[in-house]
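> Just dropping this structure here.
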Amino acid sequence: MKIAQSQPKVLMLGANALVRDNVRILLGSMGYQYLVARTLKEALALLEQEKPDAAILDPQQADSPPARVVAAFHKMVPHLRGRTIVLLGEESDPDLLQLLDAYFLPRVPQDALLQELWPSLDSLLRRMSTTQQVTRNAPLVFDSFLQPSLAGARSSHPAVRRLLYESDRLVADLSVEGHKDSQRVTLVGQVLDTAKREPHLSSVPIVIQGHEGLMGMAKTNEWGEFRFEFNFEPGVSLEIGARQNYWVSVGLPDLKSVVARTTEESQIPETLGDAEAQKDVYPKGKKGQ
């Protein structure tokens, strides 16, 4: 008795009707089921009813910048990480290309759909059972703002908050400092692999996301260091590409206290020299100390 195999389901997300039609025809000729969504909101609603095996994103004509669309989909649809193909236009946004490199996402030029979509999708679906992307949450193990201190000590120093996260052998050492009379925040970090003789993780992709979506991207230097500067907003998190198909997620605590303490400090008469005012901006053990 022959058992019919179910056809793989592929979600197509994109605002361009012509591109959607071309992809629909190609998927049909490949024997795949086709699910379509014009916006990320429609895609999320569709995902509650269907369980697609893969996704194709065309972020070129979305209301938001292409990189933000892809980053939001990657964050909100974790079970399709490592099973998503992104379509590129003739002139692709540099931020989008940087994000695709960070997330190791395959891409297909729109003008080469016929030649490249089928082999890319077929390869992705064949290996999905063995190479799915894994994301682990790193717990917070140290927070300088939760440590006891002498009365008045914090008001005499810049509001630098030190945070330490650990996940398996990966350590993320962060310092967060607010700017005077501003909602700007500077985050300096270092990523280490404690199992290695040379623990500094260089060229590691770091993606920072907020409540409103993608905020920035960076790669660590030779010492495993990186830096971001951004406006304060709730729900900020870092995604660290420890290795291919293995990511570590770091959720930052509420940074409002950093901004508030910096504002309070700006109202105190200056009694410290510049050298003292810059103390502890970098986490202990970083290059330059």
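Chain labels run A, B, ... following the order of the structure tokens; each chain numbers its residues from 1, and ligands are numbered from 1 in the order shown.
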Hey, what's within 9 Å of region 232-240 of chain A if we count only C-alpha atoms and toss same-chain stuff fewer than 3 positions away? As a PyMOL selection string, please?

chain A and resi 135+178+183-185+191+204-212+215+243+246-256+259

> Using C-alpha atoms, can you write the selected residues to a file as a PDB file, in the first residue's frame?


ATOM      1  CA  THR A 135      18.824  30.106  19.995  1.00  0.00           C
ATOM      2  CA  GLY A 178      23.626  57.076  29.805  1.00  0.00           C
ATOM      3  CA  GLN A 183      17.893  59.735  26.219  1.00  0.00           C
ATOM      4  CA  ARG A 184      20.992  58.338  24.473  1.00  0.00           C
ATOM      5  CA  VAL A 185      22.676  55.228  25.850  1.00  0.00           C
ATOM      6  CA  VAL A 191      32.079  38.281  24.129  1.00  0.00           C
ATOM      7  CA  VAL A 204      31.041  37.501  15.822  1.00  0.00           C
ATOM      8  CA  PRO A 205      27.812  39.103  14.520  1.00  0.00           C
ATOM      9  CA  ILE A 206      25.813  41.074  17.096  1.00  0.00           C
ATOM     10  CA  VAL A 207      22.258  42.225  16.363  1.00  0.00           C
ATOM     11  CA  ILE A 208      20.474  44.636  18.704  1.00  0.00           C
ATOM     12  CA  GLN A 209      16.672  44.726  18.717  1.00  0.00           C
ATOM     13  CA  GLY A 210      14.204  46.905  20.564  1.00  0.00           C
ATOM     14  CA  HIS A 211      10.469  47.074  21.085  1.00  0.00           C
ATOM     15  CA  GLU A 212      10.132  48.777  17.693  1.00  0.00           C
ATOM     16  CA  MET A 215      18.205  48.959  16.125  1.00  0.00           C
ATOM     17  CA  ARG A 243      28.697  30.082  15.740  1.00  0.00           C
ATOM     18  CA  TYR A 246      23.820  28.717  17.184  1.00  0.00           C
ATOM     19  CA  TRP A 247      22.760  32.040  18.698  1.00  0.00           C
ATOM     20  CA  VAL A 248      22.639  33.383  22.227  1.00  0.00           C
ATOM     21  CA  SER A 249      19.945  35.894  23.197  1.00  0.00           C
ATOM     22  CA  VAL A 250      20.617  38.474  25.916  1.00  0.00           C
ATOM     23  CA  GLY A 251      17.693  40.469  27.291  1.00  0.00           C
ATOM     24  CA  LEU A 252      18.773  43.774  28.824  1.00  0.00           C
ATOM     25  CA  PRO A 253      17.102  44.999  32.033  1.00  0.00           C
ATOM     26  CA  ASP A 254      15.190  48.281  32.089  1.00  0.00           C
ATOM     27  CA  LEU A 255      17.748  50.945  31.184  1.00  0.00           C
ATOM     28  CA  LYS A 256      15.571  53.831  32.367  1.00  0.00           C
ATOM     29  CA  VAL A 259      19.265  57.480  31.955  1.00  0.00           C
TER      30      VAL A 259
END

> Can you tell me which residues surround region 224-227 of chain A at a distance of at most 10 Å, considering only C-alpha atoms, apart from same-chain residues fewer than 4 positions away, and format the answer as a ChimeraX atom specification?

/A:172-176,186-193,199-206,217-220,282,286-287

> I need the residues in region 157-265 of chain A that are alpha helix (DSSP H) according to DSSP; give them as a list in words.

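Selecting the alpha helix (DSSP H) positions of region 157-265 of chain A gives Lys256, Ser257, Val258, Val259, Ala260, Arg261, Thr262, Thr263, Glu264 and Glu265 of chain A.
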
> Using only C-alpha atoms, determine which residues lie at most 12 Å from Leu100 (chain A), disregarding the query and same-chain residues fewer than 5 positions distant; provide the list as a list in words.

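Using only C-alpha atoms, the neighbours found are Leu57, Pro66, Ala67, Arg68, Val69, Val70, Ala71, His74, Arg81, Gly82, Thr84, Ile85, Val86, Leu87, Leu88, Ser92, Asp93, Pro94, Asp95, Leu105, Pro106, Arg107, Val108, Pro205, Val207 and Met217 of chain A.
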
> Measuring atom to atom with only C-alpha atoms, identify which of A:Ala72, A:Ile25, A:Ala37, A:Gly241 is nearest to Arg136 (chain A).

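The answer is A:Gly241, which sits nearest to Arg136 (chain A).
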
> Set out as a Markdown table a contact list for region 46-89 of chain A and region 9-16 of chain A with a cut-off of 8 Å, giving each residue of region 46-89 of chain A that qualifies its closest atom pair and distance in Å to one decimal, counting only C-alpha atoms, ordered by chain and rising residue number.


| residue | atom | partner | partner_atom | distance |
| --- | --- | --- | --- | --- |
| A:Lys51 | CA | A:Lys9 | CA | 7.5 |
| A:Pro52 | CA | A:Lys9 | CA | 4.6 |
| A:Asp53 | CA | A:Lys9 | CA | 5.3 |
| A:Ala54 | CA | A:Val10 | CA | 4.9 |
| A:Ala55 | CA | A:Leu11 | CA | 4.5 |
| A:Ile56 | CA | A:Met12 | CA | 4.8 |
| A:Leu57 | CA | A:Leu13 | CA | 4.9 |
| A:Asp58 | CA | A:Gly14 | CA | 4.6 |
| A:Pro59 | CA | A:Gly14 | CA | 6.0 |
| A:Gln60 | CA | A:Gly14 | CA | 7.8 |
| A:Gln61 | CA | A:Ala15 | CA | 5.8 |
| A:Ala62 | CA | A:Ala15 | CA | 6.0 |

> I'd like the interatomic distance between CA of Asn245 (chain A) and CA of Asp63 (chain A), to a tenth of an Å.

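Spanning CA of Asn245 (chain A) to CA of Asp63 (chain A) is a straight-line distance of 28.9 Å.
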
> Taking only C-alpha atoms into account, which of A:Pro139, A:Gly28, A:Gly216, A:Pro148 comes nearest Glu166 (chain A)?

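Among the listed residues, A:Pro139 lies closest to Glu166 (chain A).
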
> Would you please give, as a PyMOL selection string, all residues of region 52-218 of chain A that DSSP assigns to strand (DSSP E or B) based on the backbone?

chain A and resi 54-58+84-88+107-109+134-137+140-143+160-167+170-178+184-193+200+205-210+213-218

> Identify, on the basis of only C-alpha atoms, every residue whose closest approach to Arg169 (chain A) does not exceed 7 Å; exclude the query and any residue fewer than 2 positions from it along the same chain; express the result as a list in words.

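Here the qualifying residues turn out to be Ser167, Val171, Asp193, Thr194 and Ala195 of chain A.
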
> With all heavy atoms kept, could you save the residues just selected as a compact mmCIF listing (two decimals), in the first residue's frame?


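Result file follows (part_2.txt):
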# COMPACT_ATOMS: atom_id res chain seq x y z
N SER A 167 26.01 31.69 29.25
CA SER A 167 25.23 30.63 28.64
C SER A 167 26.19 29.55 28.18
O SER A 167 26.95 29.76 27.23
CB SER A 167 24.41 31.15 27.45
OG SER A 167 23.72 30.10 26.80
N VAL A 171 30.33 33.91 27.52
CA VAL A 171 30.15 34.98 28.50
C VAL A 171 30.03 36.31 27.76
O VAL A 171 30.85 36.61 26.88
CB VAL A 171 31.33 35.04 29.50
CG1 VAL A 171 31.21 36.26 30.40
CG2 VAL A 171 31.40 33.77 30.33
N ASP A 193 34.60 33.09 24.96
CA ASP A 193 34.35 31.64 25.00
C ASP A 193 35.30 31.07 26.05
O ASP A 193 36.51 30.94 25.81
CB ASP A 193 34.60 31.01 23.64
CG ASP A 193 34.21 29.53 23.60
OD1 ASP A 193 34.16 28.90 24.68
OD2 ASP A 193 33.98 29.00 22.50
N THR A 194 34.78 30.72 27.21
CA THR A 194 35.62 30.30 28.33
C THR A 194 36.30 28.96 28.11
O THR A 194 37.21 28.60 28.86
CB THR A 194 34.78 30.24 29.62
OG1 THR A 194 33.67 29.34 29.41
CG2 THR A 194 34.25 31.61 29.99
N ALA A 195 35.87 28.21 27.10
CA ALA A 195 36.47 26.90 26.84
C ALA A 195 37.72 27.00 25.97
O ALA A 195 38.43 26.01 25.80
CB ALA A 195 35.46 25.97 26.19
